[in-house]
$ cat my_file16.cif   # mmCIF, C-alpha atoms and all ligand atoms
data_model
#
loop_
_atom_site.group_PDB
_atom_site.id
_atom_site.type_symbol
_atom_site.label_atom_id
_atom_site.label_comp_id
_atom_site.auth_asym_id
_atom_site.auth_seq_id
_atom_site.Cartn_x
_atom_site.Cartn_y
_atom_site.Cartn_z
ATOM 1 C CA MET A 1 16.216 -4.373 -27.567
ATOM 2 C CA ARG A 2 16.235 -3.438 -23.912
ATOM 3 C CA VAL A 3 12.786 -1.882 -24.333
ATOM 4 C CA MET A 4 11.441 -4.963 -26.082
ATOM 5 C CA THR A 5 12.794 -7.136 -23.307
ATOM 6 C CA GLY A 6 11.111 -4.916 -20.729
ATOM 7 C CA VAL A 7 7.747 -5.077 -22.485
ATOM 8 C CA ALA A 8 8.009 -8.831 -22.955
ATOM 9 C CA ALA A 9 8.833 -9.222 -19.282
ATOM 10 C CA LEU A 10 5.882 -7.068 -18.265
ATOM 11 C CA LEU A 11 3.602 -9.107 -20.495
ATOM 12 C CA ALA A 12 4.882 -12.338 -19.009
ATOM 13 C CA VAL A 13 4.180 -11.046 -15.507
ATOM 14 C CA ALA A 14 0.704 -9.887 -16.525
ATOM 15 C CA MET A 15 -0.140 -13.231 -18.095
ATOM 16 C CA ALA A 16 1.068 -15.085 -15.017
ATOM 17 C CA GLN A 17 -1.142 -13.126 -12.651
ATOM 18 C CA PRO A 18 -4.772 -13.979 -12.141
ATOM 19 C CA ALA A 19 -6.924 -11.397 -13.896
ATOM 20 C CA VAL A 20 -9.549 -11.425 -11.202
ATOM 21 C CA GLN A 21 -9.510 -11.549 -7.488
ATOM 22 C CA THR A 22 -9.320 -15.083 -6.152
ATOM 23 C CA THR A 23 -12.416 -15.839 -4.128
ATOM 24 C CA ARG A 24 -11.821 -16.089 -0.441
ATOM 25 C CA SER A 25 -13.849 -19.287 -0.351
ATOM 26 C CA GLN A 26 -11.080 -21.161 -2.122
ATOM 27 C CA ALA A 27 -9.693 -22.704 1.025
ATOM 28 C CA GLY A 28 -5.988 -22.649 1.495
ATOM 29 C CA SER A 29 -5.163 -20.142 -1.251
ATOM 30 C CA GLN A 30 -2.015 -18.480 0.055
ATOM 31 C CA ALA A 31 -0.903 -15.836 -2.419
ATOM 32 C CA PRO A 32 -2.643 -12.524 -1.841
ATOM 33 C CA PRO A 33 -4.862 -11.814 -4.852
ATOM 34 C CA ARG A 34 -3.868 -8.938 -7.094
ATOM 35 C CA PRO A 35 -6.116 -5.897 -6.595
ATOM 36 C CA LEU A 36 -8.881 -5.539 -9.132
ATOM 37 C CA ARG A 37 -8.610 -2.659 -11.578
ATOM 38 C CA ILE A 38 -11.846 -0.892 -12.452
ATOM 39 C CA ILE A 39 -12.361 1.898 -14.983
ATOM 40 C CA ALA A 40 -15.723 3.687 -15.033
ATOM 41 C CA PHE A 41 -16.674 5.988 -17.911
ATOM 42 C CA GLY A 42 -19.236 8.770 -17.642
ATOM 43 C CA ALA A 43 -20.356 11.109 -20.400
ATOM 44 C CA HIS A 44 -19.886 14.215 -18.222
ATOM 45 C CA PRO A 45 -17.929 15.162 -15.117
ATOM 46 C CA ASP A 46 -20.609 13.953 -12.640
ATOM 47 C CA ASP A 47 -22.033 10.815 -14.301
ATOM 48 C CA ALA A 48 -19.675 8.124 -12.990
ATOM 49 C CA GLU A 49 -19.836 9.945 -9.646
ATOM 50 C CA LEU A 50 -23.642 9.747 -9.632
ATOM 51 C CA LYS A 51 -23.887 6.129 -10.711
ATOM 52 C CA ALA A 52 -20.858 4.424 -9.206
ATOM 53 C CA SER A 53 -19.131 6.470 -6.498
ATOM 54 C CA GLY A 54 -20.534 4.231 -3.752
ATOM 55 C CA VAL A 55 -19.184 1.025 -5.253
ATOM 56 C CA ALA A 56 -15.944 2.866 -6.135
ATOM 57 C CA ALA A 57 -15.431 3.971 -2.520
ATOM 58 C CA LEU A 58 -16.072 0.400 -1.326
ATOM 59 C CA TRP A 59 -13.602 -1.047 -3.840
ATOM 60 C CA ALA A 60 -10.997 1.585 -2.984
ATOM 61 C CA ALA A 61 -11.383 0.920 0.739
ATOM 62 C CA ALA A 62 -10.759 -2.782 0.035
ATOM 63 C CA GLY A 63 -7.484 -1.969 -1.757
ATOM 64 C CA HIS A 64 -8.700 -2.154 -5.353
ATOM 65 C CA LYS A 65 -7.818 0.448 -7.991
ATOM 66 C CA VAL A 66 -10.570 2.568 -9.491
ATOM 67 C CA LYS A 67 -10.445 5.271 -12.132
ATOM 68 C CA PHE A 68 -13.294 7.484 -13.343
ATOM 69 C CA VAL A 69 -13.137 8.958 -16.839
ATOM 70 C CA ALA A 70 -15.423 11.744 -18.068
ATOM 71 C CA MET A 71 -15.676 11.455 -21.855
ATOM 72 C CA THR A 72 -16.484 15.176 -22.245
ATOM 73 C CA ASN A 73 -15.312 18.188 -20.267
ATOM 74 C CA GLY A 74 -18.785 19.409 -19.278
ATOM 75 C CA ASP A 75 -18.255 22.867 -20.788
ATOM 76 C CA VAL A 76 -21.909 23.367 -21.750
ATOM 77 C CA GLY A 77 -24.211 22.035 -18.997
ATOM 78 C CA HIS A 78 -24.722 25.264 -17.039
ATOM 79 C CA PHE A 79 -27.011 28.273 -17.526
ATOM 80 C CA GLU A 80 -24.566 31.006 -16.580
ATOM 81 C CA SER A 81 -21.037 29.946 -17.561
ATOM 82 C CA ALA A 82 -19.531 27.822 -20.337
ATOM 83 C CA GLY A 83 -16.354 27.004 -22.217
ATOM 84 C CA GLY A 84 -12.890 26.845 -20.694
ATOM 85 C CA PRO A 85 -13.734 28.365 -17.280
ATOM 86 C CA LEU A 86 -16.591 25.882 -16.722
ATOM 87 C CA ALA A 87 -14.498 22.936 -17.966
ATOM 88 C CA LYS A 88 -11.706 23.877 -15.536
ATOM 89 C CA ARG A 89 -14.139 24.197 -12.676
ATOM 90 C CA ARG A 90 -15.604 20.775 -13.416
ATOM 91 C CA GLN A 91 -12.177 19.174 -13.697
ATOM 92 C CA ALA A 92 -11.375 20.534 -10.219
ATOM 93 C CA GLU A 93 -14.709 19.279 -8.849
ATOM 94 C CA VAL A 94 -14.259 15.673 -9.994
ATOM 95 C CA ALA A 95 -10.648 15.767 -8.769
ATOM 96 C CA GLU A 96 -11.999 16.692 -5.322
ATOM 97 C CA CYS A 97 -14.523 13.826 -5.569
ATOM 98 C CA ALA A 98 -11.751 11.405 -6.496
ATOM 99 C CA LYS A 99 -9.821 12.477 -3.407
ATOM 100 C CA ILE A 100 -12.868 11.835 -1.223
ATOM 101 C CA LEU A 101 -13.461 8.412 -2.791
ATOM 102 C CA GLY A 102 -9.800 7.345 -2.882
ATOM 103 C CA ILE A 103 -9.701 6.861 -6.650
ATOM 104 C CA GLU A 104 -8.137 8.386 -9.767
ATOM 105 C CA THR A 105 -9.912 10.534 -12.312
ATOM 106 C CA GLU A 106 -9.448 11.893 -15.827
ATOM 107 C CA VAL A 107 -11.525 14.281 -17.922
ATOM 108 C CA LEU A 108 -11.141 14.110 -21.702
ATOM 109 C CA ASP A 109 -10.986 17.416 -23.538
ATOM 110 C CA ILE A 110 -14.005 16.827 -25.763
ATOM 111 C CA HIS A 111 -16.778 19.443 -25.844
ATOM 112 C CA ASP A 112 -19.950 18.703 -23.915
ATOM 113 C CA GLY A 113 -22.733 17.689 -26.312
ATOM 114 C CA GLU A 114 -20.315 16.830 -29.098
ATOM 115 C CA LEU A 115 -19.118 13.294 -28.311
ATOM 116 C CA MET A 116 -19.200 11.106 -31.411
ATOM 117 C CA PRO A 117 -18.764 7.311 -31.727
ATOM 118 C CA SER A 118 -15.780 7.933 -34.003
ATOM 119 C CA LEU A 119 -12.801 5.709 -34.745
ATOM 120 C CA GLU A 120 -10.592 8.220 -32.927
ATOM 121 C CA ASN A 121 -12.745 7.975 -29.798
ATOM 122 C CA ARG A 122 -12.900 4.177 -30.052
ATOM 123 C CA ARG A 123 -9.117 4.186 -29.997
ATOM 124 C CA THR A 124 -9.092 6.567 -27.032
ATOM 125 C CA VAL A 125 -11.471 4.390 -25.006
ATOM 126 C CA ALA A 126 -9.537 1.224 -25.890
ATOM 127 C CA ARG A 127 -6.247 2.885 -24.886
ATOM 128 C CA LEU A 128 -7.700 4.013 -21.556
ATOM 129 C CA ILE A 129 -8.974 0.507 -20.777
ATOM 130 C CA ARG A 130 -5.643 -1.042 -21.802
ATOM 131 C CA ASP A 131 -3.501 1.526 -19.976
ATOM 132 C CA TRP A 132 -5.523 0.802 -16.836
ATOM 133 C CA GLN A 133 -5.316 -2.977 -17.519
ATOM 134 C CA ALA A 134 -8.925 -3.078 -16.450
ATOM 135 C CA ASP A 135 -10.658 -6.154 -15.057
ATOM 136 C CA ILE A 136 -13.975 -4.297 -14.980
ATOM 137 C CA VAL A 137 -15.208 -1.533 -17.290
ATOM 138 C CA MET A 138 -18.307 0.492 -16.424
ATOM 139 C CA GLY A 139 -20.426 2.974 -18.338
ATOM 140 C CA HIS A 140 -23.826 4.034 -19.599
ATOM 141 C CA ARG A 141 -26.102 1.799 -21.611
ATOM 142 C CA PRO A 142 -26.264 2.940 -25.230
ATOM 143 C CA TYR A 143 -30.002 3.718 -24.740
ATOM 144 C CA ASP A 144 -29.613 6.699 -22.433
ATOM 145 C CA TYR A 145 -31.332 10.091 -22.857
ATOM 146 C CA HIS A 146 -28.357 12.263 -23.776
ATOM 147 C CA PRO A 147 -26.325 11.761 -26.967
ATOM 148 C CA ASP A 148 -23.076 11.934 -24.970
ATOM 149 C CA HIS A 149 -24.407 9.177 -22.682
ATOM 150 C CA ARG A 150 -25.548 7.055 -25.618
ATOM 151 C CA TYR A 151 -22.262 7.402 -27.466
ATOM 152 C CA THR A 152 -20.263 6.672 -24.331
ATOM 153 C CA GLY A 153 -22.229 3.399 -24.220
ATOM 154 C CA VAL A 154 -21.566 2.726 -27.902
ATOM 155 C CA LEU A 155 -17.847 3.476 -27.543
ATOM 156 C CA ILE A 156 -17.564 1.114 -24.585
ATOM 157 C CA ASP A 157 -19.428 -1.621 -26.465
ATOM 158 C CA ASP A 158 -17.161 -1.054 -29.481
ATOM 159 C CA ALA A 159 -14.016 -1.251 -27.358
ATOM 160 C CA ALA A 160 -15.054 -4.508 -25.689
ATOM 161 C CA VAL A 161 -13.676 -6.798 -28.363
ATOM 162 C CA VAL A 162 -10.639 -4.804 -29.497
ATOM 163 C CA VAL A 163 -9.033 -4.286 -26.085
ATOM 164 C CA VAL A 164 -7.510 -7.775 -26.339
ATOM 165 C CA ALA A 165 -6.314 -7.373 -29.945
ATOM 166 C CA PRO A 166 -2.531 -6.799 -29.891
ATOM 167 C CA PHE A 167 -2.504 -4.861 -33.167
ATOM 168 C CA PHE A 168 -5.358 -2.471 -32.364
ATOM 169 C CA VAL A 169 -3.727 0.654 -30.865
ATOM 170 C CA PRO A 170 -0.476 -1.335 -30.610
ATOM 171 C CA ASP A 171 1.144 1.486 -28.632
ATOM 172 C CA THR A 172 -0.740 0.141 -25.584
ATOM 173 C CA ARG A 173 -0.578 -3.280 -23.951
ATOM 174 C CA PRO A 174 -3.718 -5.358 -24.546
ATOM 175 C CA THR A 175 -5.657 -6.626 -21.564
ATOM 176 C CA PRO A 176 -4.803 -10.307 -20.986
ATOM 177 C CA ARG A 177 -8.473 -11.161 -21.491
ATOM 178 C CA ASN A 178 -11.746 -9.373 -22.019
ATOM 179 C CA PRO A 179 -12.713 -7.304 -19.009
ATOM 180 C CA VAL A 180 -16.170 -7.637 -17.525
ATOM 181 C CA PHE A 181 -18.338 -4.766 -18.828
ATOM 182 C CA MET A 182 -21.063 -3.391 -16.572
ATOM 183 C CA TYR A 183 -23.721 -0.789 -17.392
ATOM 184 C CA TYR A 184 -25.041 1.783 -14.915
ATOM 185 C CA SER A 185 -28.692 1.629 -13.922
ATOM 186 C CA ASP A 186 -31.250 3.842 -15.642
ATOM 187 C CA ASN A 187 -35.014 3.947 -16.030
ATOM 188 C CA PHE A 188 -35.324 4.050 -19.803
ATOM 189 C CA GLN A 189 -37.652 1.418 -21.263
ATOM 190 C CA ASP A 190 -36.987 1.528 -25.016
ATOM 191 C CA PRO A 191 -35.668 -0.548 -26.643
ATOM 192 C CA LYS A 192 -35.248 -2.614 -23.470
ATOM 193 C CA PRO A 193 -35.226 -1.855 -19.752
ATOM 194 C CA PHE A 194 -32.175 -2.066 -17.520
ATOM 195 C CA THR A 195 -31.933 -5.485 -15.822
ATOM 196 C CA PRO A 196 -29.532 -5.631 -12.879
ATOM 197 C CA SER A 197 -26.859 -8.314 -12.670
ATOM 198 C CA MET A 198 -25.426 -6.855 -9.478
ATOM 199 C CA VAL A 199 -26.871 -4.594 -6.774
ATOM 200 C CA VAL A 200 -24.470 -3.112 -4.238
ATOM 201 C CA GLY A 201 -25.568 -1.677 -0.890
ATOM 202 C CA ILE A 202 -23.610 1.523 -0.325
ATOM 203 C CA ASP A 203 -24.755 2.581 3.159
ATOM 204 C CA ALA A 204 -21.254 2.128 4.613
ATOM 205 C CA VAL A 205 -19.838 4.768 2.257
ATOM 206 C CA ALA A 206 -22.963 6.847 1.637
ATOM 207 C CA GLU A 207 -21.496 9.884 3.420
ATOM 208 C CA LYS A 208 -18.550 9.832 1.011
ATOM 209 C CA LYS A 209 -20.926 9.792 -1.928
ATOM 210 C CA TRP A 210 -22.897 12.744 -0.533
ATOM 211 C CA GLN A 211 -19.642 14.628 0.109
ATOM 212 C CA CYS A 212 -18.653 13.971 -3.486
ATOM 213 C CA ILE A 213 -21.978 15.341 -4.758
ATOM 214 C CA GLY A 214 -21.487 18.360 -2.460
ATOM 215 C CA ALA A 215 -18.054 18.905 -4.013
ATOM 216 C CA MET A 216 -19.671 19.542 -7.425
ATOM 217 C CA PRO A 217 -21.590 22.838 -6.960
ATOM 218 C CA SER A 218 -21.411 23.591 -10.698
ATOM 219 C CA GLN A 219 -23.663 20.529 -11.102
ATOM 220 C CA PHE A 220 -25.627 20.376 -7.823
ATOM 221 C CA GLY A 221 -25.345 23.760 -6.089
ATOM 222 C CA ASP A 222 -25.211 26.928 -8.202
ATOM 223 C CA LYS A 223 -28.527 28.670 -8.808
ATOM 224 C CA ASP A 224 -27.695 28.378 -12.518
ATOM 225 C CA SER A 225 -26.481 24.773 -12.367
ATOM 226 C CA TRP A 226 -28.207 22.348 -14.691
ATOM 227 C CA GLN A 227 -30.035 20.584 -11.860
ATOM 228 C CA ALA A 228 -31.147 23.800 -10.147
ATOM 229 C CA ARG A 229 -32.586 25.198 -13.363
ATOM 230 C CA THR A 230 -34.215 22.034 -14.691
ATOM 231 C CA LEU A 231 -35.707 20.388 -11.587
ATOM 232 C CA PRO A 232 -38.990 21.619 -10.101
ATOM 233 C CA ASN A 233 -39.403 23.568 -6.822
ATOM 234 C CA VAL A 234 -35.695 24.202 -6.220
ATOM 235 C CA PRO A 235 -35.264 26.599 -3.251
ATOM 236 C CA GLN A 236 -33.601 30.004 -3.729
ATOM 237 C CA GLY A 237 -31.210 30.063 -0.743
ATOM 238 C CA ASP A 238 -27.750 28.612 -1.465
ATOM 239 C CA GLY A 239 -27.731 26.213 1.511
ATOM 240 C CA GLU A 240 -31.315 25.057 0.996
ATOM 241 C CA ARG A 241 -30.748 24.577 -2.706
ATOM 242 C CA ALA A 242 -27.671 22.377 -2.225
ATOM 243 C CA ALA A 243 -29.484 20.330 0.442
ATOM 244 C CA TYR A 244 -32.531 19.937 -1.795
ATOM 245 C CA LEU A 245 -30.467 18.770 -4.777
ATOM 246 C CA LEU A 246 -28.452 16.371 -2.624
ATOM 247 C CA ASP A 247 -31.691 14.986 -1.220
ATOM 248 C CA ILE A 248 -32.830 14.150 -4.750
ATOM 249 C CA VAL A 249 -29.614 12.171 -5.315
ATOM 250 C CA LYS A 250 -30.132 10.350 -1.995
ATOM 251 C CA LYS A 251 -33.700 9.482 -2.981
ATOM 252 C CA ARG A 252 -32.530 8.072 -6.312
ATOM 253 C CA ASN A 253 -30.122 5.759 -4.457
ATOM 254 C CA MET A 254 -32.944 4.774 -2.096
ATOM 255 C CA ALA A 255 -35.186 4.053 -5.078
ATOM 256 C CA VAL A 256 -32.550 1.710 -6.520
ATOM 257 C CA ALA A 257 -32.382 -0.171 -3.191
ATOM 258 C CA ASP A 258 -36.175 -0.444 -3.029
ATOM 259 C CA GLN A 259 -36.619 -1.363 -6.683
ATOM 260 C CA TYR A 260 -34.126 -4.244 -6.394
ATOM 261 C CA ARG A 261 -34.794 -5.185 -2.762
ATOM 262 C CA ASP A 262 -35.140 -8.877 -3.657
ATOM 263 C CA ARG A 263 -31.669 -8.870 -5.168
ATOM 264 C CA LEU A 264 -30.230 -7.162 -2.082
ATOM 265 C CA ILE A 265 -31.797 -9.839 0.120
ATOM 266 C CA ALA A 266 -30.429 -12.605 -2.116
ATOM 267 C CA LEU A 267 -26.938 -11.074 -2.014
ATOM 268 C CA TYR A 268 -26.729 -9.876 1.606
ATOM 269 C CA GLY A 269 -29.158 -12.151 3.437
ATOM 270 C CA GLU A 270 -32.622 -11.366 4.752
ATOM 271 C CA GLU A 271 -31.720 -9.108 7.671
ATOM 272 C CA ARG A 272 -29.092 -6.936 6.019
ATOM 273 C CA GLY A 273 -30.739 -6.953 2.636
ATOM 274 C CA ARG A 274 -33.903 -5.480 4.166
ATOM 275 C CA LYS A 275 -32.002 -2.822 6.107
ATOM 276 C CA LEU A 276 -29.845 -1.441 3.328
ATOM 277 C CA GLN A 277 -31.080 2.037 2.523
ATOM 278 C CA TYR A 278 -28.987 3.057 -0.499
ATOM 279 C CA ALA A 279 -27.815 1.029 -3.494
ATOM 280 C CA GLU A 280 -26.209 1.193 -6.922
ATOM 281 C CA ALA A 281 -27.084 -1.367 -9.593
ATOM 282 C CA PHE A 282 -25.206 -2.659 -12.621
ATOM 283 C CA GLN A 283 -26.010 -4.833 -15.619
ATOM 284 C CA LEU A 284 -23.520 -7.179 -17.234
ATOM 285 C CA GLY A 285 -22.834 -6.119 -20.819
ATOM 286 C CA GLN A 286 -23.093 -8.832 -23.441
ATOM 287 C CA TYR A 287 -19.903 -8.049 -25.368
ATOM 288 C CA GLY A 288 -17.315 -8.341 -22.601
ATOM 289 C CA ARG A 289 -16.384 -11.395 -20.566
ATOM 290 C CA GLN A 290 -19.520 -13.227 -19.434
ATOM 291 C CA ALA A 291 -18.752 -13.613 -15.753
ATOM 292 C CA SER A 292 -21.020 -15.991 -13.853
ATOM 293 C CA PRO A 293 -23.174 -14.665 -10.985
ATOM 294 C CA ASP A 294 -20.708 -16.239 -8.509
ATOM 295 C CA GLU A 295 -17.747 -14.557 -10.216
ATOM 296 C CA LEU A 296 -19.529 -11.220 -10.077
ATOM 297 C CA LYS A 297 -20.233 -11.757 -6.380
ATOM 298 C CA ALA A 298 -16.541 -12.377 -5.794
ATOM 299 C CA MET A 299 -15.502 -9.276 -7.731
ATOM 300 C CA PHE A 300 -17.963 -6.783 -6.276
ATOM 301 C CA PRO A 301 -17.525 -5.311 -2.770
ATOM 302 C CA LEU A 302 -20.506 -6.819 -0.981
ATOM 303 C CA GLN A 303 -19.011 -6.665 2.534
HETATM 304 ZN ZN ZN B 1 -24.315 13.315 -18.124
#

$ encode --input "my_file16.cif" --output "structure tokens" --more "lines below"
Ligand SMILES: [Zn+2]
Amino acid sequence: MRVMTGVAALLAVAMAQPAVQTTRSQAGSQAPPRPLRIIAFGAHPDDAELKASGVAALWAAAGHKVKFVAMTNGDVGHFESAGGPLAKRRQAEVAECAKILGIETEVLDIHDGELMPSLENRRTVARLIRDWQADIVMGHRPYDYHPDHRYTGVLIDDAAVVVVAPFFVPDTRPTPRNPVFMYYSDNFQDPKPFTPSMVVGIDAVAEKKWQCIGAMPSQFGDKDSWQARTLPNVPQGDGERAAYLLDIVKKRNMAVADQYRDRLIALYGEERGRKLQYAEAFQLGQYGRQASPDELKAMFPLQ
């Protein structure tokens, strides 16, 4: 009975609290808003870091709570090592990134290349979202190039409705309402291109993002890392190679800023919007809560 009382009390507190940050424009609001809780899923231990570590660092710096989850342990994506040793190395790398960004991280023990949109994994994703009591969930679109990316997108879509159902995975507390679901940017065109709902300038925390990329040599440094072996013209020297691979990541973030420059100007004003060099972009998913553009502006760290 004591346990039941405790859970009921927790639920009552959760229901009483606003699920999203109160906008600062609401004059006279006195109570400090509860920090937002964001959970960002990536297929591999580098995907959330690549797509969302800028916005994560900005949220964390503003006092919000961010967690990255890698759906697989990354034990295949390397040309020299694999299995347990590689998975352990990658776990340590994303933990280092999380420290740099000021967030939490978790890597699921599912083999790289073998993620399936199974009922078991749907339950796992729903539990993670509920345990985090997420206001915002992020992940890949289900149209991405890699099966693990696609199925991460499918699993997130599938979890969107059930996270509020009390009797789905009833060992976890449902979220008080549907979180907002946001997809990472990508350049795939079929069956439909990515359309940004939010573009975040990340210049203020860009160095943290580059440090995070630098903390993942198994992905962006080793001569036998996936990037070093699959991208063209990668230099041989260790230092040059890491700099070259980091530069590619920087250019991708610059391309996002340039591609959605109009959105940056609309969100940040003419002067700042033109100056921002690096950006991350996100699309509102259609199965979670349909936040209005103003609500999204209030939730995202656009300082
Ligand atoms: Zn990946």

$ residues_near_ligand --input "my_file16.cif" --ligand "ligand ZN 1 (chain B)" --cutoff "6 Å" --atoms "only C-alpha atoms and all ligand atoms" --output "list in words"
Ala43, His44 and Asp47 of chain A

$ write_last_selection --input "my_file16.cif" --atoms "C-alpha atoms" --output "compact mmCIF listing (two decimals), in the coordinates of the input"
# COMPACT_ATOMS: atom_id res chain seq x y z
CA ALA A 43 -20.36 11.11 -20.40
CA HIS A 44 -19.89 14.22 -18.22
CA ASP A 47 -22.03 10.82 -14.30

$ resolve_selection --input "my_file16.cif" --expression "the PyMOL selection byres (((chain A and resi 232-236) around 12) and not hetatm)" --output "VMD selection string"
chain A and resid 220 to 231 237 to 248

$ residues_around --input "my_file16.cif" --residues "Ala281 in chain A" --least-positions-apart "3" --cutoff "6 Å" --atoms "only C-alpha atoms" --output "list in words"
Ser185, Pro196, Met198 and Val199 of chain A

$ residues_around --input "my_file16.cif" --residues "range 292-294 of chain A" --least-positions-apart "5" --cutoff "10 Å" --atoms "all atoms listed in the file" --output "PyMOL selection string"
chain A and resi 23+197-198+284+299

$ write_last_selection --input "my_file16.cif" --atoms "C-alpha atoms" --output "compact mmCIF listing (two decimals), in the coordinates of the input"
# COMPACT_ATOMS: atom_id res chain seq x y z
CA THR A 23 -12.42 -15.84 -4.13
CA SER A 197 -26.86 -8.31 -12.67
CA MET A 198 -25.43 -6.86 -9.48
CA LEU A 284 -23.52 -7.18 -17.23
CA MET A 299 -15.50 -9.28 -7.73

$ resolve_selection --input "my_file16.cif" --expression "the PyMOL selection byres (((chain A and resi 265) around 12) and not hetatm)" --output "VMD selection string"
chain A and resid 198 to 201 257 to 264 266 to 276 302

$ residues_around --input "my_file16.cif" --residues "Glu207 in chain A" --least-positions-apart "5" --cutoff "12 Å" --atoms "all atoms listed in the file" --output "MDAnalysis selection string"
chainID A and resid 53:54 57:58 100:101 202 212:214 246 250 278

$ build_atoms --input "my_file16.cif" --residues "range 218-224 of chain A" --atoms "all heavy atoms" --output "short mmCIF file (atom, residue, chain, number, x, y, z; two decimals), keeping the file's coordinate frame"
data_model
loop_
_atom_site.label_atom_id
_atom_site.label_comp_id
_atom_site.auth_asym_id
_atom_site.auth_seq_id
_atom_site.Cartn_x
_atom_site.Cartn_y
_atom_site.Cartn_z
N SER A 218 -21.04 23.16 -9.33
CA SER A 218 -21.41 23.59 -10.70
C SER A 218 -22.49 22.67 -11.26
O SER A 218 -23.19 23.03 -12.20
CB SER A 218 -20.19 23.61 -11.62
OG SER A 218 -19.91 22.32 -12.11
N GLN A 219 -22.62 21.47 -10.67
CA GLN A 219 -23.66 20.53 -11.10
C GLN A 219 -24.85 20.51 -10.14
O GLN A 219 -26.00 20.37 -10.57
CB GLN A 219 -23.09 19.09 -11.16
CG GLN A 219 -21.85 18.94 -12.03
CD GLN A 219 -22.20 18.76 -13.50
OE1 GLN A 219 -23.32 19.03 -13.93
NE2 GLN A 219 -21.23 18.31 -14.28
N PHE A 220 -24.58 20.62 -8.84
CA PHE A 220 -25.63 20.38 -7.82
C PHE A 220 -25.72 21.49 -6.77
O PHE A 220 -26.13 21.22 -5.65
CB PHE A 220 -25.38 19.04 -7.09
CG PHE A 220 -25.30 17.86 -8.00
CD1 PHE A 220 -24.08 17.38 -8.44
CD2 PHE A 220 -26.46 17.23 -8.44
CE1 PHE A 220 -24.00 16.30 -9.29
CE2 PHE A 220 -26.39 16.15 -9.30
CZ PHE A 220 -25.16 15.67 -9.74
N GLY A 221 -25.31 22.72 -7.11
CA GLY A 221 -25.34 23.76 -6.09
C GLY A 221 -25.70 25.13 -6.63
O GLY A 221 -26.64 25.77 -6.15
N ASP A 222 -24.99 25.58 -7.65
CA ASP A 222 -25.21 26.93 -8.20
C ASP A 222 -26.68 27.15 -8.54
O ASP A 222 -27.36 26.22 -9.00
CB ASP A 222 -24.46 27.09 -9.53
CG ASP A 222 -22.95 27.00 -9.38
OD1 ASP A 222 -22.49 26.83 -8.24
OD2 ASP A 222 -22.27 27.11 -10.42
N LYS A 223 -27.13 28.41 -8.41
CA LYS A 223 -28.53 28.67 -8.81
C LYS A 223 -28.71 28.46 -10.31
O LYS A 223 -29.81 28.19 -10.78
CB LYS A 223 -28.98 30.06 -8.38
CG LYS A 223 -28.36 31.23 -9.11
CD LYS A 223 -28.98 32.52 -8.61
CE LYS A 223 -28.29 33.76 -9.14
NZ LYS A 223 -27.84 33.75 -10.54
N ASP A 224 -27.63 28.59 -11.07
CA ASP A 224 -27.70 28.38 -12.52
C ASP A 224 -27.12 27.03 -12.95
O ASP A 224 -26.80 26.83 -14.13
CB ASP A 224 -26.97 29.52 -13.25
CG ASP A 224 -27.71 30.84 -13.09
OD1 ASP A 224 -28.94 30.83 -13.26
OD2 ASP A 224 -27.06 31.85 -12.78
#
